[in-house]
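**Q** One file is attached below, start37.txt, containing compact mmCIF, C-alpha atoms and all ligand atoms.
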# COMPACT_ATOMS: atom_id res chain seq x y z
CA MET A 735 -68.53 66.59 5.75
CA ILE A 736 -71.75 64.66 5.16
CA VAL A 737 -73.15 62.93 8.25
CA SER A 738 -75.81 60.26 8.58
CA ASN A 739 -77.56 60.36 11.96
CA TRP A 740 -79.63 57.19 12.31
CA LYS A 741 -81.02 58.32 15.70
CA MET A 742 -82.90 55.36 17.30
CA ASN A 743 -83.48 53.51 14.02
CA GLY A 744 -82.14 50.51 12.18
CA SER A 745 -81.48 46.81 12.70
CA GLN A 746 -78.49 44.54 12.26
CA SER A 747 -79.55 43.47 8.76
CA HIS A 748 -80.36 47.04 7.67
CA LEU A 749 -76.99 48.16 8.98
CA GLU A 750 -75.02 45.54 7.10
CA GLN A 751 -76.69 46.22 3.77
CA TRP A 752 -76.59 50.01 4.28
CA ILE A 753 -72.84 50.12 4.96
CA LYS A 754 -72.11 47.89 1.96
CA ASP A 755 -74.40 49.88 -0.36
CA VAL A 756 -73.21 53.33 0.72
CA SER A 757 -69.58 52.27 0.59
CA SER A 758 -69.91 51.13 -2.99
CA ASN A 759 -72.25 53.90 -4.18
CA ILE A 760 -70.43 57.01 -2.98
CA ASN A 761 -67.77 58.72 -5.04
CA TYR A 762 -65.61 59.30 -2.02
CA LYS A 763 -63.64 62.52 -1.78
CA THR A 764 -60.95 62.72 0.91
CA GLU A 765 -61.81 66.33 1.66
CA VAL A 766 -65.46 65.39 2.36
CA PRO A 767 -65.60 62.85 5.19
CA CYS A 768 -68.67 60.60 5.06
CA VAL A 769 -69.63 59.97 8.68
CA PHE A 770 -72.02 57.28 9.91
CA CYS A 771 -73.61 57.66 13.37
CA PRO A 772 -75.60 54.50 14.18
CA PRO A 773 -77.19 53.78 17.57
CA ALA A 774 -74.36 53.02 20.03
CA CYS A 775 -75.22 49.30 20.23
CA TYR A 776 -74.32 49.00 16.53
CA LEU A 777 -70.93 50.70 16.73
CA ASP A 778 -69.14 47.39 17.20
CA SER A 779 -70.65 45.62 14.19
CA SER A 780 -70.41 48.80 12.11
CA ARG A 781 -66.67 48.96 12.76
CA GLN A 782 -66.30 45.26 11.87
CA ILE A 783 -68.17 45.63 8.57
CA ILE A 784 -66.32 48.86 7.69
CA ASN A 785 -63.00 47.11 8.28
CA GLN A 786 -64.00 43.92 6.45
CA ILE A 787 -64.89 45.74 3.25
CA SER A 788 -62.24 48.49 3.64
CA SER A 789 -65.00 51.09 3.52
CA LYS A 790 -64.14 54.78 3.49
CA LEU A 791 -66.98 55.49 5.94
CA ARG A 792 -65.92 57.17 9.19
CA LEU A 793 -67.65 56.17 12.39
CA GLY A 794 -69.42 58.65 14.65
CA SER A 795 -71.23 58.16 17.94
CA GLN A 796 -74.54 59.72 18.93
CA VAL A 797 -73.52 59.52 22.60
CA ILE A 798 -70.63 60.16 24.91
CA ASP A 799 -70.72 60.36 28.69
CA TYR A 800 -68.44 62.53 30.70
CA SER A 801 -68.00 60.41 33.78
CA GLN A 802 -65.02 58.17 33.06
CA ASN A 803 -64.29 56.58 36.38
CA ASN A 804 -67.52 56.83 38.29
CA ALA A 805 -70.23 54.20 38.27
CA LEU A 806 -72.75 55.19 35.58
CA THR A 807 -75.22 52.51 34.57
CA GLY A 808 -75.99 52.88 30.87
CA GLY A 809 -73.09 55.23 30.28
CA ILE A 810 -70.69 55.11 27.35
CA SER A 811 -67.33 56.75 27.90
CA ALA A 812 -64.88 58.20 25.41
CA GLU A 813 -62.59 55.31 26.31
CA ILE A 814 -65.20 52.74 25.26
CA LEU A 815 -65.79 54.63 22.01
CA GLY A 816 -62.06 54.38 21.34
CA ASP A 817 -62.39 50.59 21.09
CA PHE A 818 -64.50 51.01 17.95
CA ILE A 819 -62.27 53.69 16.45
CA VAL A 820 -65.00 56.28 16.70
CA GLU A 821 -63.67 59.49 15.14
CA TYR A 822 -66.66 61.80 15.63
CA VAL A 823 -69.32 62.40 18.25
CA LEU A 824 -72.59 64.36 18.15
CA ILE A 825 -72.87 66.64 21.18
CA GLY A 826 -75.77 68.99 21.97
CA HIS A 827 -78.39 67.53 19.63
CA SER A 828 -81.71 69.24 20.39
CA GLU A 829 -83.41 65.89 21.07
CA GLN A 830 -80.85 65.12 23.79
CA ARG A 831 -80.98 68.66 25.16
CA GLU A 832 -84.74 68.24 25.50
CA HIS A 833 -85.23 64.60 26.52
CA PHE A 834 -82.07 64.08 28.58
CA LYS A 835 -82.18 67.61 30.00
CA GLU A 836 -78.65 68.34 28.84
CA ASP A 837 -77.70 71.88 29.77
CA ASN A 838 -74.59 73.91 29.02
CA SER A 839 -72.66 72.58 32.02
CA ILE A 840 -73.26 68.94 31.03
CA LEU A 841 -72.44 69.69 27.40
CA ARG A 842 -69.19 71.36 28.45
CA LEU A 843 -68.14 68.19 30.30
CA LYS A 844 -68.99 66.09 27.26
CA LEU A 845 -66.86 68.37 25.07
CA ASN A 846 -64.00 67.90 27.54
CA SER A 847 -64.36 64.12 27.34
CA ALA A 848 -64.29 64.16 23.55
CA ASN A 849 -61.30 66.54 23.49
CA LYS A 850 -59.35 64.38 25.90
CA ALA A 851 -59.90 61.29 23.76
CA LYS A 852 -59.21 63.28 20.55
CA ILE A 853 -62.65 62.48 19.16
CA SER A 854 -63.90 65.23 16.84
CA THR A 855 -67.05 66.95 18.03
CA ILE A 856 -70.03 67.83 15.88
CA PHE A 857 -71.61 70.39 18.18
CA CYS A 858 -75.32 70.83 17.43
CA ILE A 859 -77.16 74.09 17.99
CA GLY A 860 -80.50 75.46 16.86
CA GLU A 861 -83.47 77.58 17.84
CA SER A 862 -87.11 76.69 18.46
CA GLU A 863 -89.93 77.98 16.29
CA GLU A 864 -90.97 80.39 19.04
CA LEU A 865 -87.53 81.97 19.22
CA LYS A 866 -87.43 82.30 15.45
CA ILE A 867 -90.84 83.99 15.35
CA ASN A 868 -89.73 86.40 18.09
CA ASP A 869 -86.56 87.22 16.16
CA GLN A 870 -84.33 85.83 18.93
CA THR A 871 -82.45 83.23 16.90
CA LYS A 872 -79.05 84.93 16.99
CA THR A 873 -79.17 85.84 20.68
CA PHE A 874 -80.11 82.26 21.50
CA LEU A 875 -77.47 80.65 19.30
CA LYS A 876 -74.89 82.87 20.94
CA THR A 877 -75.77 81.43 24.37
CA GLN A 878 -75.33 77.93 22.95
CA LEU A 879 -71.96 78.78 21.41
CA GLU A 880 -70.66 80.52 24.50
CA ILE A 881 -69.59 77.25 26.16
CA LEU A 882 -66.96 76.65 23.49
CA THR A 883 -63.33 77.33 24.39
CA SER A 884 -60.01 77.29 22.57
CA GLU A 885 -59.58 73.72 23.92
CA ASP A 886 -62.19 72.66 21.38
CA LEU A 887 -60.25 74.00 18.41
CA GLY A 888 -58.75 71.54 15.98
CA HIS A 889 -61.52 69.00 16.28
CA LEU A 890 -64.70 71.04 16.22
CA THR A 891 -67.50 71.25 13.66
CA ILE A 892 -70.78 73.06 14.32
CA ALA A 893 -74.09 71.67 13.07
CA TYR A 894 -76.86 74.25 12.79
CA GLU A 895 -80.19 72.47 13.06
CA PRO A 896 -83.24 74.70 13.57
CA ILE A 897 -85.47 72.62 15.88
CA TRP A 898 -88.57 73.47 13.86
CA ALA A 899 -86.96 71.95 10.76
CA ILE A 900 -85.93 68.62 12.31
CA GLY A 901 -88.08 65.75 11.08
CA THR A 902 -90.86 68.12 10.03
CA GLY A 903 -90.26 68.40 6.30
CA LEU A 904 -89.88 72.15 6.79
CA ASN A 905 -86.75 73.81 5.48
CA ALA A 906 -85.14 77.04 6.40
CA GLU A 907 -85.07 79.47 3.48
CA LYS A 908 -81.69 79.60 1.76
CA ASN A 909 -81.12 83.26 2.69
CA TYR A 910 -81.90 82.44 6.30
CA ILE A 911 -79.43 79.52 6.34
CA GLU A 912 -76.74 81.66 4.74
CA GLU A 913 -77.26 84.47 7.24
CA VAL A 914 -77.36 82.24 10.32
CA HIS A 915 -74.32 80.22 9.24
CA GLY A 916 -72.45 83.49 8.63
CA TYR A 917 -73.41 84.64 12.10
CA ILE A 918 -72.24 81.35 13.67
CA LYS A 919 -68.85 81.59 11.94
CA GLU A 920 -68.48 85.20 13.02
CA GLN A 921 -69.38 84.38 16.64
CA CYS A 922 -66.93 81.45 16.69
CA GLN A 923 -64.16 83.76 15.50
CA LEU A 924 -64.96 86.25 18.26
CA LEU A 925 -65.48 83.73 21.04
CA LEU A 926 -62.48 81.60 20.19
CA ASP A 927 -60.29 84.47 19.08
CA ILE A 928 -59.46 82.93 15.73
CA LYS A 929 -59.20 84.24 12.18
CA GLU A 930 -60.13 81.07 10.30
CA ASN A 931 -63.68 79.84 9.86
CA ILE A 932 -65.13 76.92 11.77
CA SER A 933 -67.01 74.46 9.52
CA VAL A 934 -70.76 74.68 9.88
CA LEU A 935 -73.06 71.87 8.71
CA TYR A 936 -76.77 72.32 8.11
CA GLY A 937 -79.37 69.84 9.35
CA GLY A 938 -83.14 69.62 9.49
CA SER A 939 -85.24 67.76 6.89
CA VAL A 940 -82.41 67.61 4.39
CA ASN A 941 -83.40 65.39 1.48
CA LEU A 942 -82.55 64.61 -2.11
CA ASP A 943 -84.63 67.51 -3.42
CA ASN A 944 -83.13 70.27 -1.28
CA CYS A 945 -79.54 69.09 -0.64
CA GLU A 946 -78.04 70.57 -3.79
CA GLU A 947 -79.37 74.06 -3.13
CA ILE A 948 -78.33 73.99 0.55
CA LEU A 949 -74.85 72.71 -0.30
CA SER A 950 -74.41 75.46 -2.89
CA LEU A 951 -74.58 78.15 -0.18
CA ASN A 952 -71.23 79.77 0.61
CA ASN A 953 -71.49 79.39 4.37
CA VAL A 954 -72.63 75.76 4.32
CA ASP A 955 -69.77 73.29 4.74
CA GLY A 956 -71.73 70.05 4.83
CA LEU A 957 -74.91 68.34 5.98
CA LEU A 958 -76.24 66.43 8.97
CA VAL A 959 -78.95 64.13 7.65
CA GLY A 960 -81.45 62.22 9.81
CA GLY A 961 -84.52 60.55 8.29
CA ALA A 962 -83.40 60.76 4.66
CA SER A 963 -80.12 59.02 5.48
CA LEU A 964 -81.81 55.75 6.48
CA ASP A 965 -82.14 54.87 2.81
CA SER A 966 -78.70 53.97 1.49
CA ASP A 967 -79.48 55.06 -2.04
CA THR A 968 -80.78 58.48 -0.96
CA PHE A 969 -77.88 59.07 1.40
CA SER A 970 -75.31 58.05 -1.22
CA LYS A 971 -76.89 60.46 -3.73
CA ILE A 972 -76.87 63.26 -1.13
CA TYR A 973 -73.17 62.58 -0.50
CA ASN A 974 -72.44 62.51 -4.23
CA ASN A 975 -73.99 65.98 -4.54
CA SER A 976 -71.39 67.40 -2.15
P1 LIG B 1 -83.89 65.06 10.00
O1 LIG B 1 -82.97 65.02 11.29
O2 LIG B 1 -82.99 65.07 8.81
O3 LIG B 1 -84.73 63.80 10.08
O4 LIG B 1 -84.71 66.28 10.08
C1 LIG B 1 -81.76 65.70 11.35
C2 LIG B 1 -81.14 65.56 12.72
O5 LIG B 1 -81.86 65.64 13.72
O6 LIG B 1 -79.93 65.38 12.84
Mind turning the file's structure into structure tokens?

**A**
Amino acid sequence: MIVSNWKMNGSQSHLEQWIKDVSSNINYKTEVPCVFCPPACYLDSSRQIINQISSKLRLGSQVIDYSQNNALTGGISAEILGDFIVEYVLIGHSEQREHFKEDNSILRLKLNSANKAKISTIFCIGESEELKINDQTKTFLKTQLEILTSEDLGHLTIAYEPIWAIGTGLNAEKNYIEEVHGYIKEQCQLLLDIKENISVLYGGSVNLDNCEEILSLNNVDGLLVGGASLDSDTFSKIYNNS
């Protein structure tokens, strides 16, 4: 799976051109979903354009709220996402953990909402630079994974995004990525009592120069791309490398 996370970027005109360009530039492979996560206010027009041009792009949301029936000004429920045929949702992104103070209990409720609506979750985890320096990456990732339950199986992908690599131009070394992804898969098997591997995407300053090497790693099952995905040509080339 190759995912474009636009974060809080873009405009209506950028969106229209981007969807058209990516849809015609990618050599789409059914086994590699190409997922577009625009800001929530663009989900509606994204769906319309995708349908109009019969694009193979799959729609993902950057947000989901867990309160379905209560009053929640500014909230977006799984039910609302269903109107735009949103198939994926990002949960646990480090920017939301930090700025919206999302802790494990909130994230668990969001996972429940996505599960109930049968929206596939891309569950984001990653350590800070300080934890990495202090050799606490694995212990920390384990605490982030521990909220997962067997209820999440069937529509769960993990995205490993070291916080120090997001938007910084810094990349994790390939051996480090391979080791951490292996650890995540192993922990998921233990925690969820499964034999098969959960897919793990890598994210954090992925670009055209490093995508091929990262994708060639055995434990890397795809990419979550932020900044570099804003350019349709770059994102299409990254997808075509998969
Ligand atoms: P980046 O962002 O590619 O700009 O580092 C990735 C992400 O936060 O999903």

**Q** Excluding stretch 931-936 of chain A and its own-chain neighbours fewer than 4 positions away, which residues fall within 7 Å of it when counting only C-alpha atoms? Please give them as number ranges by chain.

**A** A: 891-895, 915, 919, 922-923, 954-958

**Q** Residues within 8 Å of ligand LIG 1 (chain B) should be enumerated using only C-alpha atoms and all ligand atoms and returned as a list in words.

**A**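 Written in the requested form, the residues are Ser738, Asn739, Lys741, His827, Ser828, Glu829, Glu895, Ala899, Ile900, Gly901, Thr902, Gly903, Gly937, Gly938, Ser939, Val940, Asn941, Leu958, Val959, Gly960, Gly961, Ala962 and Ser963 of chain A.
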
**Q** Could you tell me how far atom CA of A:Lys866 sits from atom CA of A:Leu904, in Å to one decimal place?

**A**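 Spanning atom CA of A:Leu904 to atom CA of A:Lys866 is a straight-line distance of 13.6 Å.
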
**Q** Out of A:Leu875, A:Val756, A:Cys775, A:Ile787, which residue has the shortest atom-to-atom distance to A:Asn743 when counting only C-alpha atoms?

**A**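 Among the listed residues, A:Cys775 lies closest to A:Asn743.
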
**Q** Given the choices A:Thr873, A:Ser976, A:Ser847, A:Asn785, which gets closest to A:Ala812 if the distance is worked out from only C-alpha atoms?

**A**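 Answer, going by the shortest atom-to-atom distance: A:Ser847.
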
**Q** Compare A:Asn952, A:Val766, A:Glu813, A:Arg831 by their minimum atom-to-atom distance to A:Ile897, counting all atoms listed in the file, and give me the closest one.

**A** A:Arg831

**Q** At a cut-off of 12 Å, using only C-alpha atoms, what residues contact A:Ser884? Leave out same-chain residues fewer than 3 positions from it and give the result as a list in words.

**A** Leu845, Asn846, Asn849, Glu880, Ile881, Leu887, Gly888, His889, Leu890, Cys922, Gln923, Leu924, Leu925, Leu926, Asp927, Ile928 and Ile932 of chain A

**Q** Just the number, please: distance in Å from atom CA of A:Gln878 to atom CA of A:Asn944, one decimal.

**A** 26.6 Å

**Q** Have a look at atom CA of A:Asn761 and atom CA of A:Ile736 and let me know their distance in Å, one decimal.

**A** 12.5 Å

**Q** Identify which of the residues A:Ala805, A:Cys771, A:Ile840, A:Leu777 lies closest to A:Leu824, counting only C-alpha atoms when measuring atom-to-atom distances.

**A** A:Cys771

**Q** From the options A:Pro773, A:Val797, A:Asn868, A:Thr764, which residue's atoms come nearest to A:Phe834, counting only C-alpha atoms?

**A** A:Val797

**Q** Could you tell me which of A:Glu863, A:Glu907, A:Glu765, A:Asp965 comes closest to A:His748 if we count only C-alpha atoms?

**A**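 Selected residue with least distance to A:His748: A:Asp965.
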
**Q** Since fewer atoms than expected are present, regenerate N, CA, C and O atoms for stretch 847-868 of chain A and write them as a PDB file, in the frame of the given file.

**A**
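Final output, part.pdb:
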ATOM      1  N   SER A 847     -64.614  65.551  27.512  1.00  0.00           N
ATOM      2  CA  SER A 847     -64.360  64.120  27.340  1.00  0.00           C
ATOM      3  C   SER A 847     -63.912  63.813  25.923  1.00  0.00           C
ATOM      4  O   SER A 847     -62.949  63.062  25.709  1.00  0.00           O
ATOM      5  N   ALA A 848     -64.632  64.402  24.954  1.00  0.00           N
ATOM      6  CA  ALA A 848     -64.290  64.160  23.550  1.00  0.00           C
ATOM      7  C   ALA A 848     -62.894  64.710  23.250  1.00  0.00           C
ATOM      8  O   ALA A 848     -62.070  64.039  22.620  1.00  0.00           O
ATOM      9  N   ASN A 849     -62.613  65.922  23.741  1.00  0.00           N
ATOM     10  CA  ASN A 849     -61.300  66.540  23.490  1.00  0.00           C
ATOM     11  C   ASN A 849     -60.176  65.659  24.024  1.00  0.00           C
ATOM     12  O   ASN A 849     -59.164  65.439  23.359  1.00  0.00           O
ATOM     13  N   LYS A 850     -60.386  65.176  25.248  1.00  0.00           N
ATOM     14  CA  LYS A 850     -59.350  64.380  25.900  1.00  0.00           C
ATOM     15  C   LYS A 850     -59.033  63.114  25.098  1.00  0.00           C
ATOM     16  O   LYS A 850     -57.886  62.697  24.977  1.00  0.00           O
ATOM     17  N   ALA A 851     -60.081  62.534  24.515  1.00  0.00           N
ATOM     18  CA  ALA A 851     -59.900  61.290  23.760  1.00  0.00           C
ATOM     19  C   ALA A 851     -59.594  61.568  22.284  1.00  0.00           C
ATOM     20  O   ALA A 851     -59.513  60.639  21.480  1.00  0.00           O
ATOM     21  N   LYS A 852     -59.474  62.871  21.934  1.00  0.00           N
ATOM     22  CA  LYS A 852     -59.210  63.280  20.550  1.00  0.00           C
ATOM     23  C   LYS A 852     -60.275  62.782  19.571  1.00  0.00           C
ATOM     24  O   LYS A 852     -60.003  62.345  18.454  1.00  0.00           O
ATOM     25  N   ILE A 853     -61.508  62.808  20.035  1.00  0.00           N
ATOM     26  CA  ILE A 853     -62.650  62.480  19.160  1.00  0.00           C
ATOM     27  C   ILE A 853     -63.203  63.819  18.684  1.00  0.00           C
ATOM     28  O   ILE A 853     -63.413  64.735  19.489  1.00  0.00           O
ATOM     29  N   SER A 854     -63.413  63.964  17.376  1.00  0.00           N
ATOM     30  CA  SER A 854     -63.900  65.230  16.840  1.00  0.00           C
ATOM     31  C   SER A 854     -65.372  65.432  17.196  1.00  0.00           C
ATOM     32  O   SER A 854     -66.180  64.517  17.057  1.00  0.00           O
ATOM     33  N   THR A 855     -65.681  66.649  17.620  1.00  0.00           N
ATOM     34  CA  THR A 855     -67.050  66.950  18.030  1.00  0.00           C
ATOM     35  C   THR A 855     -67.844  67.603  16.913  1.00  0.00           C
ATOM     36  O   THR A 855     -67.353  68.514  16.253  1.00  0.00           O
ATOM     37  N   ILE A 856     -69.065  67.122  16.729  1.00  0.00           N
ATOM     38  CA  ILE A 856     -70.030  67.830  15.880  1.00  0.00           C
ATOM     39  C   ILE A 856     -71.022  68.430  16.864  1.00  0.00           C
ATOM     40  O   ILE A 856     -71.842  67.720  17.453  1.00  0.00           O
ATOM     41  N   PHE A 857     -70.850  69.730  17.122  1.00  0.00           N
ATOM     42  CA  PHE A 857     -71.610  70.390  18.180  1.00  0.00           C
ATOM     43  C   PHE A 857     -72.890  70.990  17.583  1.00  0.00           C
ATOM     44  O   PHE A 857     -72.827  71.876  16.727  1.00  0.00           O
ATOM     45  N   CYS A 858     -74.029  70.458  18.037  1.00  0.00           N
ATOM     46  CA  CYS A 858     -75.320  70.830  17.430  1.00  0.00           C
ATOM     47  C   CYS A 858     -75.983  71.982  18.180  1.00  0.00           C
ATOM     48  O   CYS A 858     -76.069  71.958  19.418  1.00  0.00           O
ATOM     49  N   ILE A 859     -76.439  72.956  17.407  1.00  0.00           N
ATOM     50  CA  ILE A 859     -77.160  74.090  17.990  1.00  0.00           C
ATOM     51  C   ILE A 859     -78.373  74.397  17.110  1.00  0.00           C
ATOM     52  O   ILE A 859     -78.418  73.991  15.950  1.00  0.00           O
ATOM     53  N   GLY A 860     -79.335  75.103  17.668  1.00  0.00           N
ATOM     54  CA  GLY A 860     -80.500  75.460  16.860  1.00  0.00           C
ATOM     55  C   GLY A 860     -81.608  76.034  17.726  1.00  0.00           C
ATOM     56  O   GLY A 860     -81.709  75.711  18.905  1.00  0.00           O
ATOM     57  N   GLU A 861     -82.428  76.882  17.098  1.00  0.00           N
ATOM     58  CA  GLU A 861     -83.470  77.580  17.840  1.00  0.00           C
ATOM     59  C   GLU A 861     -84.844  76.929  17.634  1.00  0.00           C
ATOM     60  O   GLU A 861     -85.074  76.261  16.630  1.00  0.00           O
ATOM     61  N   SER A 862     -85.732  77.179  18.576  1.00  0.00           N
ATOM     62  CA  SER A 862     -87.110  76.690  18.460  1.00  0.00           C
ATOM     63  C   SER A 862     -87.891  77.615  17.529  1.00  0.00           C
ATOM     64  O   SER A 862     -87.421  78.718  17.195  1.00  0.00           O
ATOM     65  N   GLU A 863     -89.077  77.176  17.166  1.00  0.00           N
ATOM     66  CA  GLU A 863     -89.930  77.980  16.290  1.00  0.00           C
ATOM     67  C   GLU A 863     -90.297  79.304  16.978  1.00  0.00           C
ATOM     68  O   GLU A 863     -90.302  80.370  16.371  1.00  0.00           O
ATOM     69  N   GLU A 864     -90.564  79.190  18.284  1.00  0.00           N
ATOM     70  CA  GLU A 864     -90.970  80.390  19.040  1.00  0.00           C
ATOM     71  C   GLU A 864     -89.871  81.457  19.021  1.00  0.00           C
ATOM     72  O   GLU A 864     -90.126  82.640  18.792  1.00  0.00           O
ATOM     73  N   LEU A 865     -88.644  81.009  19.238  1.00  0.00           N
ATOM     74  CA  LEU A 865     -87.530  81.970  19.220  1.00  0.00           C
ATOM     75  C   LEU A 865     -87.363  82.591  17.840  1.00  0.00           C
ATOM     76  O   LEU A 865     -87.082  83.780  17.711  1.00  0.00           O
ATOM     77  N   LYS A 866     -87.570  81.773  16.822  1.00  0.00           N
ATOM     78  CA  LYS A 866     -87.430  82.300  15.450  1.00  0.00           C
ATOM     79  C   LYS A 866     -88.493  83.362  15.202  1.00  0.00           C
ATOM     80  O   LYS A 866     -88.178  84.464  14.721  1.00  0.00           O
ATOM     81  N   ILE A 867     -89.733  83.042  15.579  1.00  0.00           N
ATOM     82  CA  ILE A 867     -90.840  83.990  15.350  1.00  0.00           C
ATOM     83  C   ILE A 867     -90.573  85.309  16.086  1.00  0.00           C
ATOM     84  O   ILE A 867     -90.846  86.388  15.587  1.00  0.00           O
ATOM     85  N   ASN A 868     -89.991  85.183  17.288  1.00  0.00           N
ATOM     86  CA  ASN A 868     -89.730  86.400  18.090  1.00  0.00           C
ATOM     87  C   ASN A 868     -88.390  87.054  17.746  1.00  0.00           C
ATOM     88  O   ASN A 868     -87.877  87.878  18.511  1.00  0.00           O
TER      89      ASN A 868
END
